[in-house]
$ cat coords.txt   # compact mmCIF, C-alpha atoms and all ligand atoms
# COMPACT_ATOMS: atom_id res chain seq x y z
CA MET A 1 12.14 -7.13 17.45
CA ALA A 2 12.22 -10.14 15.19
CA LYS A 3 13.22 -10.19 11.54
CA THR A 4 10.51 -11.80 9.45
CA PRO A 5 11.20 -15.17 7.80
CA LEU A 6 8.75 -14.23 5.01
CA PRO A 7 10.16 -13.06 1.64
CA MET A 8 10.59 -9.30 1.49
CA LYS A 9 10.38 -9.17 -2.32
CA PRO A 10 6.74 -10.12 -2.90
CA THR A 11 4.97 -9.55 -6.19
CA GLY A 12 2.20 -6.99 -6.42
CA TRP A 13 1.24 -3.35 -6.03
CA PHE A 14 2.83 -1.27 -3.29
CA GLN A 15 2.30 2.32 -2.26
CA VAL A 16 5.48 4.39 -2.50
CA ALA A 17 4.11 7.89 -1.84
CA TRP A 18 1.03 10.01 -1.52
CA SER A 19 0.35 11.86 -4.78
CA ALA A 20 0.77 15.28 -3.16
CA GLU A 21 4.34 14.42 -2.20
CA ILE A 22 5.44 14.43 -5.84
CA GLY A 23 4.60 17.79 -7.41
CA ALA A 24 4.89 18.48 -11.14
CA GLY A 25 8.57 18.90 -11.98
CA GLU A 26 9.75 17.31 -8.73
CA VAL A 27 12.14 14.40 -8.21
CA VAL A 28 11.79 12.35 -5.02
CA ARG A 29 14.27 9.76 -3.68
CA MET A 30 13.08 6.48 -2.20
CA LYS A 31 14.35 3.01 -1.39
CA TYR A 32 12.16 -0.06 -1.73
CA PHE A 33 12.85 -3.78 -2.21
CA GLY A 34 16.52 -3.12 -1.49
CA THR A 35 16.78 -0.79 -4.49
CA GLU A 36 17.52 2.92 -4.69
CA MET A 37 14.72 4.50 -6.74
CA ILE A 38 13.40 7.90 -7.75
CA ALA A 39 9.93 9.13 -8.57
CA TRP A 40 9.43 12.17 -10.76
CA ARG A 41 6.36 13.92 -12.11
CA SER A 42 6.45 15.34 -15.61
CA THR A 43 5.07 18.76 -16.45
CA SER A 44 1.92 17.11 -17.83
CA GLY A 45 1.46 15.33 -14.49
CA GLN A 46 2.55 11.76 -15.15
CA VAL A 47 4.57 10.00 -12.45
CA THR A 48 7.51 7.77 -13.33
CA VAL A 49 9.23 5.53 -10.80
CA MET A 50 12.62 4.20 -11.88
CA ASP A 51 15.92 2.96 -10.53
CA ALA A 52 17.94 5.89 -9.23
CA TYR A 53 21.20 5.53 -11.13
CA CYS A 54 21.95 6.98 -14.54
CA GLU A 55 22.98 4.29 -17.02
CA HIS A 56 25.77 6.51 -18.35
CA LEU A 57 28.28 6.83 -15.51
CA GLY A 58 26.03 6.15 -12.57
CA ALA A 59 25.02 9.52 -11.15
CA HIS A 60 22.17 9.29 -8.66
CA LEU A 61 19.32 11.05 -10.45
CA GLY A 62 17.70 11.97 -7.15
CA TYR A 63 20.56 14.36 -6.39
CA GLY A 64 20.24 17.15 -8.94
CA GLY A 65 18.27 15.42 -11.69
CA THR A 66 15.84 17.88 -13.26
CA VAL A 67 12.48 17.45 -14.97
CA ASP A 68 12.11 19.25 -18.27
CA GLY A 69 8.66 18.74 -19.74
CA GLU A 70 8.33 14.98 -20.16
CA ILE A 71 11.98 13.99 -19.63
CA LEU A 72 14.42 13.77 -16.76
CA ARG A 73 17.88 15.29 -17.22
CA CYS A 74 20.90 13.83 -15.43
CA PRO A 75 22.93 16.39 -13.45
CA PHE A 76 26.30 14.83 -14.43
CA HIS A 77 26.48 15.10 -18.27
CA GLY A 78 22.97 16.18 -19.23
CA TRP A 79 21.75 12.92 -20.74
CA GLU A 80 17.97 12.89 -21.04
CA TRP A 81 15.77 9.94 -20.02
CA ASN A 82 12.10 9.48 -20.85
CA MET A 83 9.24 7.94 -18.88
CA GLN A 84 10.08 4.49 -20.23
CA GLY A 85 13.66 4.84 -18.96
CA ARG A 86 15.01 5.25 -22.49
CA ASN A 87 17.83 7.61 -23.29
CA VAL A 88 16.44 10.17 -25.75
CA CYS A 89 19.28 12.69 -25.95
CA ILE A 90 23.02 12.94 -25.39
CA PRO A 91 23.48 16.70 -25.66
CA TYR A 92 26.96 16.46 -27.24
CA GLU A 93 26.19 13.63 -29.71
CA LYS A 94 23.93 13.36 -32.73
CA GLN A 95 22.29 10.14 -31.52
CA PRO A 96 20.99 8.98 -28.15
CA ASN A 97 22.09 5.65 -26.70
CA LYS A 98 19.26 3.44 -27.84
CA GLY A 99 20.49 0.31 -26.10
CA ARG A 100 20.59 1.33 -22.46
CA ARG A 101 17.53 1.64 -20.35
CA ILE A 102 16.92 2.54 -16.73
CA ARG A 103 14.54 0.08 -15.08
CA THR A 104 11.09 1.63 -14.64
CA TYR A 105 8.18 0.26 -12.64
CA PRO A 106 4.52 0.20 -13.70
CA VAL A 107 2.78 3.03 -11.84
CA THR A 108 -0.84 3.64 -11.02
CA GLU A 109 -2.23 6.62 -9.18
CA HIS A 110 -5.56 6.93 -7.37
CA SER A 111 -6.84 7.15 -3.80
CA GLU A 112 -4.47 10.17 -3.36
CA SER A 113 -1.65 7.60 -3.66
CA VAL A 114 1.12 6.45 -5.99
CA PHE A 115 1.54 2.69 -6.35
CA ILE A 116 4.21 0.70 -8.16
CA TRP A 117 4.05 -2.85 -9.43
CA HIS A 118 6.96 -4.92 -8.16
CA ASP A 119 7.87 -8.36 -9.48
CA VAL A 120 11.32 -9.93 -9.31
CA ASP A 121 10.56 -11.76 -12.58
CA ARG A 122 9.49 -8.47 -14.20
CA ARG A 123 6.13 -9.79 -15.30
CA ALA A 124 3.53 -7.20 -16.28
CA PRO A 125 0.81 -6.48 -13.69
CA TYR A 126 -1.76 -9.28 -13.64
CA PHE A 127 -4.20 -7.69 -11.22
CA ASP A 128 -5.29 -4.16 -10.31
CA VAL A 129 -5.03 -2.21 -7.11
CA THR A 130 -8.55 -1.35 -5.98
CA ASP A 131 -9.52 2.30 -5.60
CA ALA A 132 -10.45 2.85 -1.94
CA LEU A 133 -13.13 5.39 -2.82
CA SER A 134 -14.72 4.12 -6.03
CA GLY A 135 -13.78 0.44 -5.89
CA PHE A 136 -16.62 -0.90 -3.73
CA ASP A 137 -19.26 -0.83 -6.50
CA ASP A 138 -21.66 1.31 -4.50
CA GLY A 139 -21.60 4.40 -6.70
CA HIS A 140 -19.30 6.31 -4.36
CA SER A 141 -16.30 8.22 -5.65
CA GLY A 142 -13.65 10.63 -4.41
CA ALA A 143 -16.19 13.47 -4.56
CA ASP A 144 -18.11 11.85 -1.67
CA TYR A 145 -15.16 12.12 0.75
CA TYR A 146 -13.08 14.89 2.29
CA PRO A 147 -9.45 14.84 1.19
CA ALA A 148 -7.19 12.83 3.48
CA TYR A 149 -3.62 13.84 2.73
CA GLY A 150 -2.35 16.30 5.28
CA TYR A 151 -5.36 15.70 7.56
CA SER A 152 -5.75 12.02 8.23
CA THR A 153 -2.74 10.05 7.14
CA LEU A 154 -0.17 8.11 9.11
CA PHE A 155 3.35 7.29 7.95
CA GLU A 156 5.69 5.02 9.89
CA THR A 157 9.02 4.20 8.34
CA GLY A 158 11.50 1.39 8.85
CA LEU A 159 9.32 -0.93 10.93
CA GLU A 160 10.34 -4.56 11.26
CA ILE A 161 7.11 -5.90 9.81
CA HIS A 162 5.97 -7.83 6.77
CA PRO A 163 2.91 -6.91 4.63
CA GLN A 164 1.32 -10.28 5.44
CA TYR A 165 1.02 -9.39 9.13
CA VAL A 166 -1.42 -6.66 8.23
CA MET A 167 -3.45 -8.94 5.97
CA GLU A 168 -3.77 -11.46 8.78
CA ASN A 169 -5.85 -8.91 10.70
CA GLY A 170 -8.61 -9.69 8.21
CA VAL A 171 -9.03 -13.24 9.53
CA ASP A 172 -8.04 -12.55 13.12
CA PHE A 173 -11.46 -12.11 14.73
CA ALA A 174 -10.17 -12.47 18.27
CA HIS A 175 -7.83 -9.47 18.26
CA PHE A 176 -10.63 -6.93 17.82
CA LYS A 177 -11.75 -7.27 21.39
CA TYR A 178 -8.27 -6.99 22.86
CA VAL A 179 -6.52 -4.56 20.50
CA HIS A 180 -9.48 -2.43 19.46
CA ASN A 181 -11.65 -2.77 22.56
CA THR A 182 -14.76 -3.81 20.69
CA PRO A 183 -17.39 -5.18 23.05
CA LEU A 184 -18.08 -8.17 20.79
CA ILE A 185 -15.99 -10.41 18.61
CA PRO A 186 -16.83 -9.65 14.97
CA GLU A 187 -18.73 -12.06 12.78
CA PHE A 188 -17.14 -12.83 9.43
CA THR A 189 -19.63 -12.97 6.58
CA ARG A 190 -17.23 -13.31 3.67
CA HIS A 191 -13.76 -14.75 3.14
CA ASP A 192 -12.92 -14.93 -0.53
CA PHE A 193 -9.29 -15.80 -1.21
CA ASP A 194 -9.71 -17.32 -4.68
CA GLN A 195 -7.99 -14.54 -6.63
CA PRO A 196 -4.99 -12.22 -6.15
CA VAL A 197 -7.54 -9.59 -5.09
CA SER A 198 -9.29 -11.02 -2.03
CA TYR A 199 -12.35 -9.98 -0.03
CA VAL A 200 -13.16 -10.02 3.66
CA ASP A 201 -16.43 -8.78 5.16
CA PHE A 202 -17.44 -8.75 8.79
CA THR A 203 -20.00 -7.21 11.09
CA ILE A 204 -18.64 -5.27 14.00
CA ALA A 205 -19.86 -2.70 16.51
CA PHE A 206 -17.73 -0.37 18.57
CA ASP A 207 -20.69 0.42 20.85
CA ASP A 208 -22.18 -1.97 23.34
CA VAL A 209 -25.16 -3.49 21.52
CA PRO A 210 -26.62 -6.99 21.84
CA ALA A 211 -24.98 -9.45 19.45
CA ASP A 212 -28.17 -9.96 17.44
CA GLU A 213 -28.63 -6.22 16.95
CA VAL A 214 -25.27 -5.42 15.40
CA ASN A 215 -26.05 -3.46 12.27
CA SER A 216 -22.69 -2.19 11.15
CA GLY A 217 -19.60 -3.64 9.60
CA VAL A 218 -16.52 -3.43 7.45
CA GLN A 219 -15.72 -4.67 3.96
CA ALA A 220 -12.09 -5.10 2.95
CA ILE A 221 -10.53 -5.57 -0.47
CA ASN A 222 -6.93 -6.77 -0.43
CA SER A 223 -5.05 -6.04 -3.64
CA GLY A 224 -2.26 -8.55 -3.16
CA VAL A 225 -0.39 -8.41 0.15
CA GLY A 226 0.72 -4.79 -0.21
CA VAL A 227 -2.50 -2.78 -0.22
CA ALA A 228 -5.84 -3.14 1.57
CA ALA A 229 -8.87 -0.88 1.22
CA THR A 230 -11.76 -0.87 3.68
CA LYS A 231 -15.27 0.52 3.67
CA SER A 232 -17.35 0.96 6.81
CA TRP A 233 -21.14 0.69 6.79
CA GLY A 234 -23.79 1.30 9.42
CA MET A 235 -21.51 3.76 11.22
CA ILE A 236 -19.75 7.01 10.30
CA ASP A 237 -18.92 6.63 6.63
CA ASN A 238 -15.20 6.09 6.32
CA ARG A 239 -12.76 4.50 3.91
CA THR A 240 -9.22 3.49 4.66
CA LEU A 241 -6.18 2.41 2.74
CA THR A 242 -3.44 0.43 4.44
CA ALA A 243 -0.18 -0.07 2.59
CA VAL A 244 2.97 -1.87 3.67
CA THR A 245 5.97 -1.58 1.36
CA PRO A 246 9.22 -3.48 2.03
CA ILE A 247 12.34 -1.31 2.15
CA ASP A 248 14.94 -4.06 2.52
CA GLU A 249 15.21 -7.59 3.89
CA SER A 250 13.90 -6.69 7.34
CA THR A 251 11.97 -3.41 7.35
CA SER A 252 8.91 -1.83 5.73
CA ASP A 253 7.18 1.52 5.43
CA VAL A 254 3.57 1.68 6.59
CA ARG A 255 1.11 4.20 5.19
CA PHE A 256 -2.45 4.56 6.39
CA THR A 257 -5.04 6.90 4.90
CA VAL A 258 -8.51 7.65 6.26
CA TRP A 259 -11.27 9.39 4.33
CA ILE A 260 -14.46 10.57 6.01
CA GLY A 261 -17.72 10.87 4.07
CA ARG A 262 -18.80 14.39 3.13
CA HIS A 263 -21.93 15.92 4.51
CA PRO A 264 -24.25 16.07 1.49
CA GLY A 265 -23.82 19.41 -0.22
CA ASP A 266 -20.66 20.34 1.67
CA GLY A 267 -18.16 21.46 -0.95
CA CYS A 268 -15.46 22.43 1.54
CA ALA A 269 -11.89 21.75 0.48
CA GLU A 270 -10.95 20.76 4.02
CA PRO A 271 -12.55 18.25 6.37
CA PRO A 272 -14.52 19.90 9.21
CA PRO A 273 -13.42 19.32 12.82
CA ARG A 274 -15.88 16.48 13.45
CA ALA A 275 -14.50 14.59 10.45
CA ARG A 276 -10.92 15.11 11.61
CA LYS A 277 -11.79 13.92 15.06
CA HIS A 278 -13.38 10.77 13.73
CA ALA A 279 -10.45 10.12 11.41
CA GLN A 280 -8.10 10.54 14.35
CA GLY A 281 -10.02 7.85 16.21
CA VAL A 282 -9.61 5.46 13.27
CA ILE A 283 -5.88 6.23 13.13
CA GLU A 284 -5.55 5.54 16.84
CA GLN A 285 -7.13 2.12 16.34
CA PHE A 286 -4.63 1.42 13.59
CA GLN A 287 -1.77 2.52 15.83
CA ASN A 288 -2.87 -0.14 18.30
CA ASP A 289 -2.33 -2.71 15.54
CA ILE A 290 1.06 -1.27 14.60
CA HIS A 291 2.17 -1.48 18.19
CA ILE A 292 1.62 -5.25 18.07
CA TRP A 293 2.99 -5.82 14.55
CA LYS A 294 6.26 -4.02 15.02
CA HIS A 295 7.24 -6.16 17.98
CA GLN A 296 5.69 -9.40 16.74
CA ARG A 297 7.66 -12.53 15.87
CA TYR A 298 6.11 -14.38 12.92
CA SER A 299 4.72 -17.62 14.27
CA ASP A 300 5.08 -20.55 11.93
CA PRO A 301 3.29 -22.82 12.39
CA PRO A 302 1.08 -20.84 14.75
CA ALA A 303 -0.83 -22.33 17.66
CA LEU A 304 -4.26 -21.70 16.19
CA SER A 305 -7.48 -22.34 18.05
CA ARG A 306 -10.14 -24.52 16.45
CA SER A 307 -12.15 -21.58 15.11
CA GLU A 308 -9.10 -19.68 13.85
CA PHE A 309 -7.73 -22.50 11.75
CA GLU A 310 -9.73 -22.13 8.56
CA GLY A 311 -9.31 -18.37 8.15
CA PHE A 312 -5.59 -18.26 8.84
CA THR A 313 -4.94 -21.29 6.64
CA ALA A 314 -6.80 -19.70 3.73
CA LEU A 315 -5.05 -16.34 4.24
CA ARG A 316 -1.56 -17.83 4.37
CA LYS A 317 -2.17 -19.99 1.31
CA TRP A 318 -3.43 -16.95 -0.56
CA ALA A 319 -0.43 -14.82 0.51
CA ASN A 320 2.02 -17.49 -0.61
CA GLN A 321 1.16 -16.94 -4.28
CA PHE A 322 2.90 -13.54 -4.14
CA TYR A 323 6.23 -14.92 -2.98
CA PRO A 324 8.85 -15.71 -5.62
CA ALA A 325 9.30 -19.46 -6.03
CA ASP A 326 13.04 -19.44 -5.38
CA VAL A 327 12.61 -17.96 -1.94
CA GLU A 328 9.44 -19.84 -1.12
CA SER A 329 9.57 -19.85 2.59
CA LYS A 330 8.04 -21.16 5.68
CA ALA A 331 4.81 -19.44 4.72
CA ALA A 332 4.04 -22.55 2.70
CA THR A 333 4.89 -25.01 5.43
CA ALA A 334 2.53 -23.28 7.81
CA VAL A 335 -0.48 -24.31 5.80
CA ARG A 336 0.46 -27.91 5.05
S1 LIG A 401 26.09 9.96 -15.42
FE1 LIG A 401 24.20 10.67 -16.13
S2 LIG A 401 24.69 11.77 -17.90
FE2 LIG A 401 26.58 11.00 -17.23
FE FE A 402 -6.61 -4.64 13.86
$ encode --input "coords.txt" --output "structure tokens" --more "lines below"
Ligand code: FES
Ligand SMILES: [Fe+2]
Amino acid sequence: MAKTPLPMKPTGWFQVAWSAEIGAGEVVRMKYFGTEMIAWRSTSGQVTVMDAYCEHLGAHLGYGGTVDGEILRCPFHGWEWNMQGRNVCIPYEKQPNKGRRIRTYPVTEHSESVFIWHDVDRRAPYFDVTDALSGFDDGHSGADYYPAYGYSTLFETGLEIHPQYVMENGVDFAHFKYVHNTPLIPEFTRHDFDQPVSYVDFTIAFDDVPADEVNSGVQAINSGVGVAATKSWGMIDNRTLTAVTPIDESTSDVRFTVWIGRHPGDGCAEPPPRARKHAQGVIEQFQNDIHIWKHQRYSDPPALSRSEFEGFTALRKWANQFYPADVESKAATAVR
């Protein structure tokens, strides 16, 4: 185990739950970026993620806080807080406390997932988190896939890894053969790291076919360092979402979601056995990656081979933009 030297408070979108884990009227406790937080879903269905402590006398709202319509009521003295973290009622006073506010985080919900925007400077979101099902501009949407939550998701908590390790897979052509047992090394056809949302495409085959006959591949869209969506083509239609969310200065939660394409006309609520089996295979491949990441020591500067240099350099430069300037770390020195 090796604590990462990379900053554990990056800017961007991070998955904090699957949508189904926060039912209407429920309050869920969580800790991310070294901060105790809660997520609650109002009666109308909107999720709020906020710091956990009541601004009155500091009760933890995740222990007995209750949702009432569109507000959250503190269990200690009944003060009511809205979705913006504003106090809207002190039950034994005529006026609420208009000055105090509980910190809330921008939330977006799609891909069966709840994401928060985290930024130590509290800037508003300046990019979007791409929808894994409808975000590849190919006309597909959630209706084309079997649901994933409860069937084909993986959650690993408290791993000593940094989100950037996962992103580096997207330029690491050589690991596919050794970690994923592909017969050939993939061919990268796109590396676009110009914007906070970056793109990586490559051709890959899991079956033994001649190199010039490979007719399948993967496209990846990285929404900052926290969330990556992939689309497969030329093989069984699947989409994945990989999310790494820092808990504290050394550990992260990892969530992985796999959707399998529906058979045309199949309106089943559950994925059939063949879809589950395929999803399980994709999860097993991802577990092979996790096994490396969770024991890895971040190498800086790494001993890159000639053909690895360009991709890793571009990836690390791109990742560095998400790290707060005051803790700018060795990530920058690696690419100088
Ligand atoms: S501590 Fe929350 S209402 Fe008093
Ligand atoms: Fe991998």
$ residues_near_ligand --input "coords.txt" --ligand "ligand LIG 401 (chain A)" --cutoff "6 Å" --atoms "all atoms listed in the file" --output "number ranges by chain"
A: 54, 56-59, 74, 76-79
$ atom_distance --input "coords.txt" --atom1 "CA of Glu112 (chain A)" --atom2 "CA of Gly150 (chain A)"
10.8 Å
$ closest_atom_pairs --input "coords.txt" --of "chain A" --to "ligand FE 402 (chain A)" --cutoff "9 Å" --atoms "only C-alpha atoms and all ligand atoms" --output "tab-separated table"
residue	atom	partner	partner_atom	distance
A:Val166	CA	A:FE402	FE	7.9
A:Glu168	CA	A:FE402	FE	9.0
A:Asn169	CA	A:FE402	FE	5.4
A:Gly170	CA	A:FE402	FE	7.8
A:Asp172	CA	A:FE402	FE	8.1
A:Phe173	CA	A:FE402	FE	8.9
A:His175	CA	A:FE402	FE	6.6
A:Phe176	CA	A:FE402	FE	6.1
A:Val179	CA	A:FE402	FE	6.6
A:His180	CA	A:FE402	FE	6.7
A:Gln285	CA	A:FE402	FE	7.2
A:Phe286	CA	A:FE402	FE	6.4
A:Gln287	CA	A:FE402	FE	8.9
A:Asn288	CA	A:FE402	FE	7.3
A:Asp289	CA	A:FE402	FE	5.0
A:Ile290	CA	A:FE402	FE	8.4
$ atom_distance --input "coords.txt" --atom1 "CA of Val47 (chain A)" --atom2 "CA of Arg239 (chain A)"
24.5 Å
$ closest_atom_pairs --input "coords.txt" --of "region 143-178 of chain A" --to "region 240-249 of chain A" --cutoff "10 Å" --atoms "only C-alpha atoms" --output "JSON lines"
{"residue": "A:Ala148", "atom": "CA", "partner": "A:Thr240", "partner_atom": "CA", "distance": 9.6}
{"residue": "A:Ser152", "atom": "CA", "partner": "A:Thr240", "partner_atom": "CA", "distance": 9.9}
{"residue": "A:Thr153", "atom": "CA", "partner": "A:Leu241", "partner_atom": "CA", "distance": 9.5}
{"residue": "A:Leu154", "atom": "CA", "partner": "A:Thr242", "partner_atom": "CA", "distance": 9.6}
{"residue": "A:Phe155", "atom": "CA", "partner": "A:Ala243", "partner_atom": "CA", "distance": 9.8}
{"residue": "A:Glu156", "atom": "CA", "partner": "A:Val244", "partner_atom": "CA", "distance": 9.7}
{"residue": "A:Thr157", "atom": "CA", "partner": "A:Ile247", "partner_atom": "CA", "distance": 8.9}
{"residue": "A:Gly158", "atom": "CA", "partner": "A:Ile247", "partner_atom": "CA", "distance": 7.3}
{"residue": "A:Leu159", "atom": "CA", "partner": "A:Pro246", "partner_atom": "CA", "distance": 9.3}
{"residue": "A:Glu160", "atom": "CA", "partner": "A:Glu249", "partner_atom": "CA", "distance": 9.3}
{"residue": "A:Ile161", "atom": "CA", "partner": "A:Pro246", "partner_atom": "CA", "distance": 8.4}
{"residue": "A:His162", "atom": "CA", "partner": "A:Pro246", "partner_atom": "CA", "distance": 7.2}
{"residue": "A:Pro163", "atom": "CA", "partner": "A:Val244", "partner_atom": "CA", "distance": 5.1}
{"residue": "A:Gln164", "atom": "CA", "partner": "A:Val244", "partner_atom": "CA", "distance": 8.8}
{"residue": "A:Tyr165", "atom": "CA", "partner": "A:Val244", "partner_atom": "CA", "distance": 9.5}
{"residue": "A:Val166", "atom": "CA", "partner": "A:Val244", "partner_atom": "CA", "distance": 7.9}
{"residue": "A:Met167", "atom": "CA", "partner": "A:Thr242", "partner_atom": "CA", "distance": 9.5}
$ atom_distance --input "coords.txt" --atom1 "CA of Pro147 (chain A)" --atom2 "CA of Pro272 (chain A)"
10.8 Å
$ closest_residue --input "coords.txt" --among "A:Ala52, A:Ala24, A:Ile38, A:Ile260" --to "Ile283 (chain A)" --atoms "only C-alpha atoms"
A:Ile260
$ residues_around --input "coords.txt" --residues "Phe193 (chain A)" --least-positions-apart "4" --cutoff "12 Å" --atoms "only C-alpha atoms" --output "list in words"
Met167, Gly170, Val171, Val197, Ser198, Tyr199, Val200, Asp201, Ala220, Ile221, Asn222, Ser223, Gly224, Val225, Glu310, Gly311, Phe312, Thr313, Ala314, Leu315, Arg316, Lys317, Trp318, Ala319, Asn320 and Gln321 of chain A
$ closest_atom_pairs --input "coords.txt" --of "region 80-150 of chain A" --to "region 208-219 of chain A" --cutoff "12 Å" --atoms "only C-alpha atoms" --output "JSON lines"
{"residue": "A:Ala132", "atom": "CA", "partner": "A:Gln219", "partner_atom": "CA", "distance": 10.9}
{"residue": "A:Gly135", "atom": "CA", "partner": "A:Gln219", "partner_atom": "CA", "distance": 11.3}
{"residue": "A:Phe136", "atom": "CA", "partner": "A:Gln219", "partner_atom": "CA", "distance": 8.6}
{"residue": "A:Asp137", "atom": "CA", "partner": "A:Gln219", "partner_atom": "CA", "distance": 11.7}
{"residue": "A:Asp138", "atom": "CA", "partner": "A:Gln219", "partner_atom": "CA", "distance": 11.9}
$ closest_residue --input "coords.txt" --among "A:Asn82, A:Thr257, A:Ser305, A:Thr189" --to "Ala279 (chain A)" --atoms "all atoms listed in the file"
A:Thr257
$ closest_residue --input "coords.txt" --among "A:Leu6, A:Ser19, A:His291, A:Lys177" --to "Ser111 (chain A)" --atoms "all atoms listed in the file"
A:Ser19
$ build_atoms --input "coords.txt" --residues "region 99-117 of chain A" --atoms "N, CA and C atoms" --output "mmCIF file, in the coordinates of the input"
data_model
loop_
_atom_site.group_PDB
_atom_site.id
_atom_site.type_symbol
_atom_site.label_atom_id
_atom_site.label_comp_id
_atom_site.auth_asym_id
_atom_site.auth_seq_id
_atom_site.Cartn_x
_atom_site.Cartn_y
_atom_site.Cartn_z
ATOM 1 N N GLY A 99 20.419 1.633 -26.716
ATOM 2 C CA GLY A 99 20.490 0.310 -26.100
ATOM 3 C C GLY A 99 20.243 0.311 -24.597
ATOM 4 N N ARG A 100 20.649 1.352 -23.920
ATOM 5 C CA ARG A 100 20.590 1.330 -22.460
ATOM 6 C C ARG A 100 19.258 1.863 -21.957
ATOM 7 N N ARG A 101 18.827 1.263 -20.889
ATOM 8 C CA ARG A 101 17.530 1.640 -20.350
ATOM 9 C C ARG A 101 17.594 1.574 -18.841
ATOM 10 N N ILE A 102 17.039 2.561 -18.184
ATOM 11 C CA ILE A 102 16.920 2.540 -16.730
ATOM 12 C C ILE A 102 15.653 1.766 -16.394
ATOM 13 N N ARG A 103 15.728 0.863 -15.418
ATOM 14 C CA ARG A 103 14.540 0.080 -15.080
ATOM 15 C C ARG A 103 13.439 0.988 -14.539
ATOM 16 N N THR A 104 12.260 0.898 -15.131
ATOM 17 C CA THR A 104 11.090 1.630 -14.640
ATOM 18 C C THR A 104 10.081 0.627 -14.090
ATOM 19 N N TYR A 105 9.186 1.120 -13.262
ATOM 20 C CA TYR A 105 8.180 0.260 -12.640
ATOM 21 C C TYR A 105 6.797 0.720 -13.083
ATOM 22 N N PRO A 106 5.890 -0.222 -13.398
ATOM 23 C CA PRO A 106 4.520 0.200 -13.700
ATOM 24 C C PRO A 106 3.961 1.017 -12.540
ATOM 25 N N VAL A 107 3.316 2.117 -12.868
ATOM 26 C CA VAL A 107 2.780 3.030 -11.840
ATOM 27 C C VAL A 107 1.280 3.192 -12.033
ATOM 28 N N THR A 108 0.558 3.227 -10.942
ATOM 29 C CA THR A 108 -0.840 3.640 -11.020
ATOM 30 C C THR A 108 -1.090 4.622 -9.882
ATOM 31 N N GLU A 109 -2.004 5.548 -10.139
ATOM 32 C CA GLU A 109 -2.230 6.620 -9.180
ATOM 33 C C GLU A 109 -3.721 6.812 -8.971
ATOM 34 N N HIS A 110 -4.186 6.610 -7.763
ATOM 35 C CA HIS A 110 -5.560 6.930 -7.370
ATOM 36 C C HIS A 110 -5.582 6.912 -5.844
ATOM 37 N N SER A 111 -6.728 7.153 -5.255
ATOM 38 C CA SER A 111 -6.840 7.150 -3.800
ATOM 39 C C SER A 111 -5.785 8.064 -3.156
ATOM 40 N N GLU A 112 -5.486 9.194 -3.834
ATOM 41 C CA GLU A 112 -4.470 10.170 -3.360
ATOM 42 C C GLU A 112 -3.087 9.522 -3.221
ATOM 43 N N SER A 113 -2.854 8.388 -3.895
ATOM 44 C CA SER A 113 -1.650 7.600 -3.660
ATOM 45 C C SER A 113 -0.970 7.189 -4.955
ATOM 46 N N VAL A 114 0.334 6.963 -4.853
ATOM 47 C CA VAL A 114 1.120 6.450 -5.990
ATOM 48 C C VAL A 114 1.532 5.021 -5.654
ATOM 49 N N PHE A 115 1.216 4.097 -6.547
ATOM 50 C CA PHE A 115 1.540 2.690 -6.350
ATOM 51 C C PHE A 115 2.484 2.229 -7.464
ATOM 52 N N ILE A 116 3.404 1.342 -7.115
ATOM 53 C CA ILE A 116 4.210 0.700 -8.160
ATOM 54 C C ILE A 116 3.937 -0.805 -8.136
ATOM 55 N N TRP A 117 4.126 -1.400 -9.303
ATOM 56 C CA TRP A 117 4.050 -2.850 -9.430
ATOM 57 C C TRP A 117 5.470 -3.385 -9.291
#
